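Asks: Hey, dropping upload19.cif in here, mmCIF, C-alpha atoms:
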data_coords
loop_
_atom_site.group_PDB
_atom_site.id
_atom_site.type_symbol
_atom_site.label_atom_id
_atom_site.label_comp_id
_atom_site.auth_asym_id
_atom_site.auth_seq_id
_atom_site.Cartn_x
_atom_site.Cartn_y
_atom_site.Cartn_z
ATOM 1 C CA THR Z 1 -6.817 1.036 4.139
ATOM 2 C CA SER Z 2 -4.673 1.689 7.203
ATOM 3 C CA HIS Z 3 -2.339 3.883 5.159
ATOM 4 C CA LEU Z 4 -5.243 5.937 3.771
ATOM 5 C CA GLN Z 5 -6.721 6.372 7.251
ATOM 6 C CA GLN Z 6 -3.365 7.538 8.575
ATOM 7 C CA ALA Z 7 -3.057 10.057 5.732
ATOM 8 C CA ALA Z 8 -6.588 11.330 6.326
ATOM 9 C CA THR Z 9 -5.867 11.778 10.030
ATOM 10 C CA PHE Z 10 -2.723 13.745 9.224
ATOM 11 C CA VAL Z 11 -4.633 16.038 6.851
ATOM 12 C CA GLN Z 12 -7.308 16.685 9.470
ATOM 13 C CA GLN Z 13 -4.698 17.517 12.112
ATOM 14 C CA ALA Z 14 -2.814 19.831 9.773
ATOM 15 C CA ALA Z 15 -5.893 21.593 8.400
ATOM 16 C CA GLY Z 16 -6.082 24.177 11.147
ATOM 17 C CA GLN Z 17 -2.364 24.967 11.289
ATOM 18 C CA ALA Z 18 -0.800 27.943 9.560
ATOM 19 C CA LEU Z 19 1.955 27.183 7.087
ATOM 20 C CA GLU Z 20 5.283 28.669 8.185
ATOM 21 C CA PRO Z 21 8.796 28.800 6.716
ATOM 22 C CA ALA Z 22 9.800 26.188 9.298
ATOM 23 C CA THR Z 23 7.519 23.723 7.499
ATOM 24 C CA LEU Z 24 9.823 23.874 4.487
ATOM 25 C CA ASP Z 25 12.848 23.248 6.685
ATOM 26 C CA LYS Z 26 11.161 20.210 8.241
ATOM 27 C CA ALA Z 27 10.346 18.860 4.790
ATOM 28 C CA LEU Z 28 13.970 19.313 3.707
ATOM 29 C CA GLN Z 29 15.196 17.496 6.817
ATOM 30 C CA ALA Z 30 12.831 14.577 6.165
ATOM 31 C CA ILE Z 31 13.988 14.344 2.529
ATOM 32 C CA ALA Z 32 17.624 14.392 3.621
ATOM 33 C CA ARG Z 33 17.030 11.572 6.124
ATOM 34 C CA GLY Z 34 15.608 9.330 3.412
ATOM 35 C CA PHE Z 35 18.257 10.126 0.797
ATOM 36 C CA ASP Z 36 20.286 7.260 -0.701
ATOM 37 C CA ARG Z 37 23.804 8.657 -0.386
ATOM 38 C CA VAL Z 38 25.328 5.796 -2.366
ATOM 39 C CA ASN Z 39 23.039 5.655 -5.420
ATOM 40 C CA GLY Z 40 21.098 8.914 -5.292
ATOM 41 C CA GLY Z 41 17.335 9.143 -5.061
ATOM 42 C CA TRP Z 42 15.051 7.852 -2.309
ATOM 43 C CA GLY Z 43 14.017 4.366 -1.318
ATOM 44 C CA GLY Z 44 15.262 0.963 -2.401
ATOM 45 C CA ALA Z 45 14.280 -1.460 -5.132
ATOM 46 C CA PRO Z 46 12.090 -0.915 -7.048
ATOM 47 C CA LYS Z 47 13.252 2.690 -7.285
ATOM 48 C CA PHE Z 48 11.209 5.436 -8.887
ATOM 49 C CA PRO Z 49 12.249 8.903 -10.058
ATOM 50 C CA GLN Z 50 10.697 11.535 -7.799
ATOM 51 C CA PRO Z 51 10.492 14.698 -9.926
ATOM 52 C CA MET Z 52 8.405 16.690 -7.458
ATOM 53 C CA THR Z 53 10.900 16.053 -4.665
ATOM 54 C CA LEU Z 54 13.668 17.290 -6.952
ATOM 55 C CA GLU Z 55 11.640 20.371 -7.908
ATOM 56 C CA PHE Z 56 11.252 21.182 -4.206
ATOM 57 C CA LEU Z 57 15.001 20.746 -3.648
ATOM 58 C CA LEU Z 58 15.838 22.988 -6.605
ATOM 59 C CA ARG Z 59 13.668 25.737 -5.188
ATOM 60 C CA ARG Z 60 15.144 25.381 -1.718
ATOM 61 C CA TYR Z 61 18.653 25.468 -3.141
ATOM 62 C CA THR Z 62 18.012 28.667 -5.098
ATOM 63 C CA GLN Z 63 16.674 30.232 -1.904
ATOM 64 C CA THR Z 64 19.359 29.010 0.496
ATOM 65 C CA GLY Z 65 22.459 27.988 -1.481
ATOM 66 C CA ASP Z 66 22.779 25.024 0.895
ATOM 67 C CA ALA Z 67 25.571 22.656 -0.225
ATOM 68 C CA GLN Z 68 23.863 19.500 1.069
ATOM 69 C CA THR Z 69 20.727 20.308 -0.915
ATOM 70 C CA ARG Z 70 22.812 20.856 -4.042
ATOM 71 C CA SER Z 71 24.561 17.528 -3.460
ATOM 72 C CA MET Z 72 21.252 15.617 -3.305
ATOM 73 C CA ILE Z 73 20.097 17.257 -6.529
ATOM 74 C CA ASP Z 74 23.296 16.622 -8.488
ATOM 75 C CA HIS Z 75 23.815 13.090 -7.229
ATOM 76 C CA THR Z 76 20.270 12.047 -8.140
ATOM 77 C CA LEU Z 77 20.006 13.790 -11.503
ATOM 78 C CA GLN Z 78 23.415 12.498 -12.612
ATOM 79 C CA ALA Z 79 22.771 8.933 -11.428
ATOM 80 C CA MET Z 80 19.360 8.654 -13.080
ATOM 81 C CA ALA Z 81 20.494 10.077 -16.425
ATOM 82 C CA ARG Z 82 23.666 7.960 -16.541
ATOM 83 C CA GLY Z 83 21.906 4.742 -15.548
ATOM 84 C CA GLY Z 84 19.926 2.191 -17.496
ATOM 85 C CA LEU Z 85 16.767 3.976 -16.354
ATOM 86 C CA TYR Z 86 17.546 6.484 -19.108
ATOM 87 C CA ASP Z 87 17.543 5.525 -22.791
ATOM 88 C CA GLN Z 88 21.145 6.440 -23.625
ATOM 89 C CA LEU Z 89 20.511 6.345 -27.387
ATOM 90 C CA GLY Z 90 16.995 7.647 -27.936
ATOM 91 C CA GLY Z 91 16.336 9.814 -24.907
ATOM 92 C CA GLY Z 92 13.483 9.505 -22.450
ATOM 93 C CA PHE Z 93 13.203 7.745 -19.101
ATOM 94 C CA HIS Z 94 11.803 4.299 -18.432
ATOM 95 C CA ARG Z 95 9.178 3.833 -15.733
ATOM 96 C CA TYR Z 96 11.333 2.782 -12.777
ATOM 97 C CA SER Z 97 14.450 0.853 -11.834
ATOM 98 C CA THR Z 98 14.069 -2.721 -10.595
ATOM 99 C CA ASP Z 99 17.245 -2.258 -8.529
ATOM 100 C CA ALA Z 100 18.435 0.494 -6.200
ATOM 101 C CA ARG Z 101 21.215 1.749 -8.495
ATOM 102 C CA TRP Z 102 19.192 2.772 -11.555
ATOM 103 C CA LEU Z 103 20.645 0.051 -13.809
ATOM 104 C CA VAL Z 104 17.871 -2.381 -14.784
ATOM 105 C CA PRO Z 105 14.625 -0.605 -15.635
ATOM 106 C CA HIS Z 106 11.106 -1.721 -16.218
ATOM 107 C CA PHE Z 107 11.397 -0.703 -19.862
ATOM 108 C CA GLU Z 108 7.980 0.937 -20.284
ATOM 109 C CA LYS Z 109 8.086 4.685 -21.005
ATOM 110 C CA MET Z 110 5.287 6.915 -19.705
ATOM 111 C CA LEU Z 111 4.342 10.356 -20.984
ATOM 112 C CA TYR Z 112 3.688 11.776 -17.509
ATOM 113 C CA ASP Z 113 7.076 10.634 -16.194
ATOM 114 C CA ASN Z 114 8.929 12.192 -19.089
ATOM 115 C CA SER Z 115 6.947 15.426 -18.944
ATOM 116 C CA GLN Z 116 7.907 15.976 -15.302
ATOM 117 C CA LEU Z 117 11.506 14.830 -15.745
ATOM 118 C CA ALA Z 118 11.999 17.076 -18.781
ATOM 119 C CA ARG Z 119 11.000 20.036 -16.602
ATOM 120 C CA VAL Z 120 13.254 18.935 -13.734
ATOM 121 C CA TYR Z 121 16.305 18.730 -15.985
ATOM 122 C CA LEU Z 122 15.372 22.007 -17.689
ATOM 123 C CA HIS Z 123 15.020 23.711 -14.290
ATOM 124 C CA ALA Z 124 18.284 22.137 -13.109
ATOM 125 C CA TRP Z 125 20.047 23.573 -16.157
ATOM 126 C CA GLN Z 126 18.554 27.007 -15.476
ATOM 127 C CA ALA Z 127 19.376 26.933 -11.759
ATOM 128 C CA LEU Z 128 22.755 25.161 -11.799
ATOM 129 C CA SER Z 129 24.181 25.949 -15.284
ATOM 130 C CA ASP Z 130 25.371 22.379 -15.900
ATOM 131 C CA PRO Z 131 25.141 21.730 -19.685
ATOM 132 C CA PHE Z 132 24.610 18.010 -19.051
ATOM 133 C CA TYR Z 133 21.168 18.825 -17.654
ATOM 134 C CA ARG Z 134 20.318 20.901 -20.721
ATOM 135 C CA ARG Z 135 21.326 17.981 -22.947
ATOM 136 C CA ILE Z 136 19.064 15.560 -21.082
ATOM 137 C CA ALA Z 137 16.099 17.958 -21.185
ATOM 138 C CA VAL Z 138 16.519 18.407 -24.944
ATOM 139 C CA GLU Z 139 16.848 14.659 -25.518
ATOM 140 C CA ILE Z 140 13.646 13.946 -23.574
ATOM 141 C CA LEU Z 141 11.671 16.569 -25.488
ATOM 142 C CA ASP Z 142 13.053 15.398 -28.827
ATOM 143 C CA TYR Z 143 12.146 11.801 -27.927
ATOM 144 C CA VAL Z 144 8.544 12.860 -27.253
ATOM 145 C CA LEU Z 145 8.364 14.729 -30.562
ATOM 146 C CA ARG Z 146 9.790 11.756 -32.443
ATOM 147 C CA GLU Z 147 7.990 8.855 -30.765
ATOM 148 C CA MET Z 148 5.009 10.128 -28.793
ATOM 149 C CA THR Z 149 3.335 12.851 -30.874
ATOM 150 C CA HIS Z 150 0.214 12.496 -33.024
ATOM 151 C CA PRO Z 151 0.376 14.359 -36.362
ATOM 152 C CA ALA Z 152 -2.395 16.685 -35.156
ATOM 153 C CA GLY Z 153 -0.422 17.635 -32.030
ATOM 154 C CA GLY Z 154 -1.655 15.345 -29.249
ATOM 155 C CA PHE Z 155 0.798 13.346 -27.150
ATOM 156 C CA TYR Z 156 0.446 9.566 -26.812
ATOM 157 C CA SER Z 157 0.386 7.871 -23.407
ATOM 158 C CA THR Z 158 2.972 5.084 -23.216
ATOM 159 C CA GLN Z 159 5.438 2.848 -25.000
ATOM 160 C CA ASP Z 160 5.466 -0.815 -23.960
ATOM 161 C CA ALA Z 161 8.329 -2.562 -22.202
ATOM 162 C CA ASP Z 162 8.129 -5.519 -24.607
ATOM 163 C CA SER Z 163 8.917 -6.002 -28.271
ATOM 164 C CA GLU Z 164 8.540 -9.313 -30.073
ATOM 165 C CA GLY Z 165 7.122 -10.639 -26.802
ATOM 166 C CA LEU Z 166 10.315 -10.045 -24.799
ATOM 167 C CA GLU Z 167 10.852 -7.366 -22.159
ATOM 168 C CA GLY Z 168 13.608 -4.901 -23.054
ATOM 169 C CA LYS Z 169 14.670 -6.645 -26.259
ATOM 170 C CA PHE Z 170 14.599 -3.402 -28.257
ATOM 171 C CA PHE Z 171 17.052 -1.698 -25.875
ATOM 172 C CA LEU Z 172 19.645 -4.458 -25.318
ATOM 173 C CA TRP Z 173 23.092 -4.933 -26.868
ATOM 174 C CA THR Z 174 25.824 -7.550 -26.968
ATOM 175 C CA VAL Z 175 29.512 -6.749 -27.328
ATOM 176 C CA SER Z 176 29.450 -8.276 -30.815
ATOM 177 C CA ASP Z 177 26.476 -6.048 -31.779
ATOM 178 C CA ILE Z 178 28.454 -2.949 -30.852
ATOM 179 C CA ARG Z 179 31.603 -4.178 -32.586
ATOM 180 C CA SER Z 180 29.743 -4.870 -35.843
ATOM 181 C CA ILE Z 181 28.456 -1.270 -35.951
ATOM 182 C CA LEU Z 182 31.294 0.763 -34.433
ATOM 183 C CA GLY Z 183 34.374 -1.254 -35.398
ATOM 184 C CA ASP Z 184 37.465 -0.252 -33.412
ATOM 185 C CA GLU Z 185 35.588 2.588 -31.709
ATOM 186 C CA ALA Z 186 33.609 -0.091 -29.863
ATOM 187 C CA ILE Z 187 36.466 -0.445 -27.357
ATOM 188 C CA LEU Z 188 36.082 3.113 -26.096
ATOM 189 C CA PHE Z 189 32.293 2.986 -26.229
ATOM 190 C CA ASN Z 190 32.152 -0.265 -24.260
ATOM 191 C CA ASP Z 191 34.517 1.169 -21.671
ATOM 192 C CA VAL Z 192 32.327 4.221 -21.043
ATOM 193 C CA TYR Z 193 28.991 2.404 -21.226
ATOM 194 C CA GLY Z 194 29.944 -0.694 -19.263
ATOM 195 C CA LEU Z 195 29.374 -3.384 -21.881
ATOM 196 C CA THR Z 196 30.879 -6.793 -21.137
ATOM 197 C CA ALA Z 197 30.795 -10.175 -22.836
ATOM 198 C CA ALA Z 198 28.912 -11.601 -19.852
ATOM 199 C CA GLY Z 199 26.299 -8.827 -19.956
ATOM 200 C CA ASN Z 200 24.467 -7.040 -17.139
ATOM 201 C CA PHE Z 201 20.906 -8.186 -17.936
ATOM 202 C CA ARG Z 202 19.732 -11.779 -17.753
ATOM 203 C CA GLU Z 203 16.374 -12.951 -19.014
ATOM 204 C CA ALA Z 204 15.508 -16.611 -19.491
ATOM 205 C CA HIS Z 205 14.172 -16.145 -23.011
ATOM 206 C CA LEU Z 206 17.116 -14.076 -24.275
ATOM 207 C CA PRO Z 207 20.577 -15.247 -25.361
ATOM 208 C CA PRO Z 208 23.380 -14.590 -22.830
ATOM 209 C CA GLY Z 209 25.563 -11.486 -22.950
ATOM 210 C CA GLN Z 210 22.797 -8.879 -23.045
ATOM 211 C CA ASN Z 211 23.743 -5.362 -21.906
ATOM 212 C CA ILE Z 212 21.724 -2.350 -20.826
ATOM 213 C CA LEU Z 213 23.616 0.817 -21.727
ATOM 214 C CA SER Z 214 24.640 2.877 -18.707
ATOM 215 C CA VAL Z 215 27.514 5.270 -18.139
ATOM 216 C CA THR Z 216 29.920 3.441 -15.818
ATOM 217 C CA LYS Z 217 33.016 5.636 -16.238
ATOM 218 C CA SER Z 218 33.467 9.371 -16.629
ATOM 219 C CA ILE Z 219 34.471 10.776 -19.982
ATOM 220 C CA ALA Z 220 37.404 12.545 -18.321
ATOM 221 C CA GLU Z 221 38.683 9.255 -16.877
ATOM 222 C CA VAL Z 222 38.434 7.292 -20.152
ATOM 223 C CA ALA Z 223 39.851 10.183 -22.178
ATOM 224 C CA LYS Z 224 42.902 10.446 -19.938
ATOM 225 C CA THR Z 225 43.528 6.691 -20.077
ATOM 226 C CA ASN Z 226 43.416 6.739 -23.881
ATOM 227 C CA GLY Z 227 45.390 9.946 -24.479
ATOM 228 C CA LEU Z 228 42.393 11.975 -25.669
ATOM 229 C CA THR Z 229 40.864 15.244 -24.572
ATOM 230 C CA PRO Z 230 37.392 14.997 -23.007
ATOM 231 C CA GLY Z 231 36.019 17.167 -25.804
ATOM 232 C CA VAL Z 232 37.285 14.830 -28.535
ATOM 233 C CA LEU Z 233 35.957 11.749 -26.742
ATOM 234 C CA ASP Z 234 32.601 13.445 -26.169
ATOM 235 C CA VAL Z 235 32.237 14.050 -29.924
ATOM 236 C CA MET Z 236 33.262 10.461 -30.694
ATOM 237 C CA LEU Z 237 30.684 9.109 -28.260
ATOM 238 C CA ALA Z 238 27.924 11.322 -29.683
ATOM 239 C CA GLU Z 239 28.694 10.013 -33.177
ATOM 240 C CA ALA Z 240 28.732 6.429 -31.866
ATOM 241 C CA ARG Z 241 25.371 6.887 -30.148
ATOM 242 C CA GLN Z 242 23.892 8.161 -33.410
ATOM 243 C CA LYS Z 243 25.193 5.132 -35.341
ATOM 244 C CA LEU Z 244 23.758 2.768 -32.753
ATOM 245 C CA PHE Z 245 20.456 4.659 -32.685
ATOM 246 C CA ASP Z 246 20.183 4.389 -36.480
ATOM 247 C CA ALA Z 247 20.860 0.645 -36.261
ATOM 248 C CA ARG Z 248 18.308 0.238 -33.473
ATOM 249 C CA GLU Z 249 15.654 1.942 -35.576
ATOM 250 C CA GLN Z 250 15.714 -1.134 -37.836
ATOM 251 C CA ARG Z 251 14.516 -3.330 -34.952
ATOM 252 C CA VAL Z 252 10.900 -4.118 -34.123
ATOM 253 C CA LYS Z 253 9.786 -1.276 -31.863
ATOM 254 C CA PRO Z 254 7.816 -1.667 -28.624
ATOM 255 C CA GLY Z 255 4.077 -1.204 -28.922
ATOM 256 C CA ARG Z 256 2.531 2.169 -28.176
ATOM 257 C CA ASP Z 257 -0.639 3.136 -26.331
ATOM 258 C CA GLU Z 258 -2.016 5.949 -28.479
ATOM 259 C CA LYS Z 259 -4.599 7.259 -26.040
ATOM 260 C CA VAL Z 260 -4.367 11.033 -25.753
ATOM 261 C CA LEU Z 261 -5.188 11.991 -22.158
ATOM 262 C CA ALA Z 262 -5.886 15.632 -21.343
ATOM 263 C CA ALA Z 263 -4.142 15.678 -17.946
ATOM 264 C CA TRP Z 264 -0.961 14.012 -19.182
ATOM 265 C CA ASN Z 265 -0.956 16.252 -22.253
ATOM 266 C CA GLY Z 266 -1.189 19.264 -19.935
ATOM 267 C CA LEU Z 267 1.984 18.145 -18.156
ATOM 268 C CA MET Z 268 3.833 17.664 -21.440
ATOM 269 C CA LEU Z 269 2.519 20.944 -22.851
ATOM 270 C CA ALA Z 270 3.929 22.755 -19.802
ATOM 271 C CA ALA Z 271 7.349 21.187 -20.385
ATOM 272 C CA PHE Z 272 7.438 22.251 -24.034
ATOM 273 C CA ALA Z 273 6.157 25.747 -23.228
ATOM 274 C CA GLU Z 274 8.815 26.296 -20.565
ATOM 275 C CA ALA Z 275 11.554 25.009 -22.857
ATOM 276 C CA ALA Z 276 10.318 27.356 -25.581
ATOM 277 C CA ARG Z 277 11.123 30.306 -23.294
ATOM 278 C CA ASP Z 278 14.750 29.264 -22.788
ATOM 279 C CA ALA Z 279 16.858 31.199 -25.280
ATOM 280 C CA SER Z 280 19.881 28.999 -24.563
ATOM 281 C CA LEU Z 281 18.175 26.162 -26.454
ATOM 282 C CA GLY Z 282 18.589 28.109 -29.696
ATOM 283 C CA GLU Z 283 16.624 26.773 -32.661
ATOM 284 C CA ARG Z 284 15.158 23.980 -30.544
ATOM 285 C CA ALA Z 285 13.227 26.599 -28.528
ATOM 286 C CA ALA Z 286 11.241 27.554 -31.636
ATOM 287 C CA VAL Z 287 10.542 23.887 -32.377
ATOM 288 C CA TYR Z 288 9.266 23.392 -28.830
ATOM 289 C CA ARG Z 289 7.070 26.466 -29.037
ATOM 290 C CA ALA Z 290 5.472 25.130 -32.218
ATOM 291 C CA ALA Z 291 4.864 21.769 -30.519
ATOM 292 C CA ALA Z 292 3.326 23.487 -27.491
ATOM 293 C CA GLU Z 293 1.021 25.633 -29.617
ATOM 294 C CA ARG Z 294 -0.004 22.667 -31.783
ATOM 295 C CA ASN Z 295 -0.796 20.645 -28.671
ATOM 296 C CA ALA Z 296 -2.782 23.476 -27.088
ATOM 297 C CA ASP Z 297 -4.814 23.894 -30.293
ATOM 298 C CA PHE Z 298 -5.431 20.143 -30.382
ATOM 299 C CA ILE Z 299 -6.618 19.965 -26.758
ATOM 300 C CA VAL Z 300 -8.849 23.047 -27.034
ATOM 301 C CA SER Z 301 -10.432 21.922 -30.282
#
Could the structure of this file be written out as structure tokens, please?
Replies:
Amino acid sequence: TSHLQQAATFVQQAAGQALEPATLDKALQAIARGFDRVNGGWGGAPKFPQPMTLEFLLRRYTQTGDAQTRSMIDHTLQAMARGGLYDQLGGGFHRYSTDARWLVPHFEKMLYDNSQLARVYLHAWQALSDPFYRRIAVEILDYVLREMTHPAGGFYSTQDADSEGLEGKFFLWTVSDIRSILGDEAILFNDVYGLTAAGNFREAHLPPGQNILSVTKSIAEVAKTNGLTPGVLDVMLAEARQKLFDAREQRVKPGRDEKVLAAWNGLMLAAFAEAARDASLGERAAVYRAAAERNADFIVS
């Protein structure tokens, strides 16, 4: 109640003031003060993605070219997408991280989170020309098409954190799991994605040695150590991710809340429509346009 009263007081005080460019500078300064310079993002555990903050920073950066603003954007977008918060095999972001470094998520996936994050990564690609951001945007949108779309065009609301009664079970891997699927390539994969025999996720009802996939070393670093070019290793890792994804598809999937909510669908529709306008996405742009149009027809009808 105190917090709401404080917010209401602030709104009343601000209501009569004209907005000025200095207001944007003050907002940027406040965001910079709260920035986690070690892990990226804002705040401690539990740590949530803040897509609207990132959208504001992207716009300020395109206006000012400020290096510090660019650093906050890159650090946060890279850390979130390389952490366990992001589904490294199937695309899409989990709800939030239970720690400050984006490793251990609450495994639920929400439509409204992924709609806003798809747009952030799409905008980051358009503003900063880093192909990694384009890849993440495409993977999020493809995840929604694959897992969260009704045949008539509506988008479902959420996927549960649990499967078979255990949180995260669908997303976890042991070193022996990876070895059985990838063979000798498991050594390189485990090095990049931080898998260990001890595991990085402990849950009382799960066997020991469980790992959440997260990128713990750069491709350039691992490639150099193993006498490979980054391009060759990148292709190898993409093929490995596909093999592991195919194996994971045989598991019992988390439950899904198949409500179709107009507001959340509007957010996702906007993401698909914007992606459809990006010619750099090639054939995917046409797929996203069809999804956007199908969703719009569904909502209107």
Asks: Could you pull the residues within 9 Å of region 246-254 of chain Z, counting all atoms listed in the file, minus those fewer than 2 positions along the same chain, as a count of residues only?
Replies: 18
Asks: Which residues of region 85-176 of chain Z sit at most 7 Å from region 271-292 of chain Z, using only C-alpha atoms? Give each one's shortest atom pair and distance in Å (one decimal place), in chain and ascending residue order, as a tab-separated table.
Replies:
residue	atom	partner	partner_atom	distance
Z:Ser115	CA	Z:Ala271	CA	6.0
Z:Ala118	CA	Z:Ala271	CA	6.4
Z:Arg119	CA	Z:Ala271	CA	5.4
Z:Gly153	CA	Z:Ala291	CA	6.9
Asks: Quick one: apply the PyMOL selection byres ((chain Z and resi 101) around 8) to the file and drop the selected residues here as a PyMOL selection string.
Replies: chain Z and resi 39-40+79+83+97+99-100+102-103
Asks: Report as a list of chain:residue names the full result of the PyMOL selection byres ((chain Z and resi 196) around 9) when it is applied to this structure.
Replies: Z:Thr174, Z:Val175, Z:Asn190, Z:Asp191, Z:Gly194, Z:Leu195, Z:Ala197, Z:Ala198, Z:Gly199, Z:Asn200, Z:Gly209, Z:Gln210, Z:Asn211
Asks: How many Å separate CA of Trp173 (chain Z) from CA of Tyr143 (chain Z)?
Replies: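 Straight-line distance from CA of Trp173 (chain Z) to CA of Tyr143 (chain Z) works out to 20.0 Å.
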Asks: Which residues would end up in the selection if the PyMOL selection byres ((chain Z and resi 300) around 12) were applied here, given that I need the answer as a list in words?
Replies: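 In the shown coordinates, the PyMOL selection byres ((chain Z and resi 300) around 12) covers Gly153, Gly154, Ala262, Asn265, Gly266, Glu293, Arg294, Asn295, Ala296, Asp297, Phe298, Ile299 and Ser301 of chain Z.
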Asks: At most 10 Å from (11.9, 19.9, 2.2), file frame, all atoms listed in the file: which residues, as a VMD selection string?
Replies: chain Z and resid 22 to 32 53 to 54 56 to 57 59 to 60 69
Asks: Taking all atoms listed in the file into account, name the residue in Z:Ala238, Z:Met110, Z:Val222, Z:Leu166 that is nearest to Lys259 (chain Z).
Replies: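 Checking each candidate against Lys259 (chain Z), we get Z:Met110 as the closest.
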Asks: Could you please determine the separation between CA of Ile140 (chain Z) and CA of Asp36 (chain Z) in Å, to one decimal place?
Replies: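 Between these atoms lies a distance of 24.7 Å.
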Asks: Taking all atoms listed in the file into account, name the residue in Z:Gln6, Z:Thr149, Z:Gly44, Z:Pro208 that is nearest to Ser176 (chain Z).
Replies: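 Ranked by minimum distance to Ser176 (chain Z), first place goes to Z:Pro208.
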Asks: Under the rule that only C-alpha atoms are counted, which of Z:Glu167, Z:Ala263, Z:Trp42, Z:Gly227 is the nearest residue to Ala204 (chain Z)?
Replies: Z:Glu167
Asks: So how far away is CA of Gly90 (chain Z) from CA of Phe201 (chain Z), in Å?
Replies: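 Separation between CA of Phe201 (chain Z) and CA of Gly90 (chain Z): 19.1 Å.
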Asks: Point out the residue among Z:Tyr121, Z:Leu128, Z:Thr158, Z:Phe10 with the least atom-to-atom distance to Arg95 (chain Z), counting all atoms listed in the file.
Replies: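 Of the candidates, the smallest distance to Arg95 (chain Z) is held by Z:Thr158.
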Asks: Report, as AutoDock Vina command-line options, the axis-aligned box around all atoms of region 48-53 of chain Z present in the file, extended by 5 Å on each side; give centre and edge lengths in Å to one decimal place.
Replies:
--center_x 10.3 --center_y 11.1 --center_z -7.4 --size_x 13.8 --size_y 21.3 --size_z 15.4
Asks: When you count all atoms listed in the file, which of these residues is closest to Phe132 (chain Z): Z:Glu185, Z:Gln78, Z:Val11, Z:Gly84?
Replies: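 Looking at the shortest contact to Phe132 (chain Z), the residue is Z:Gln78.
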Asks: Here's a test: counting all atoms listed in the file, identify every protein, DNA and RNA residue with an atom at most 10 Å from (9.3, 14.0, -17.0) in the file's coordinate frame, and state them as a list in words.
Replies: Pro49, Gln50, Pro51, Met52, Gly92, Phe93, Met110, Leu111, Tyr112, Asp113, Asn114, Ser115, Gln116, Leu117, Ala118, Arg119, Val120, Tyr121, Ala137, Ile140, Leu141, Leu267, Met268 and Ala271 of chain Z
Asks: Here is a test: counting only C-alpha atoms, which residue of Z:Leu145, Z:Ala223, Z:Met80, Z:Val235 is nearest to Leu269 (chain Z)?
Replies: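 Looking only at the distances to Leu269 (chain Z), the closest residue turns out to be Z:Leu145.
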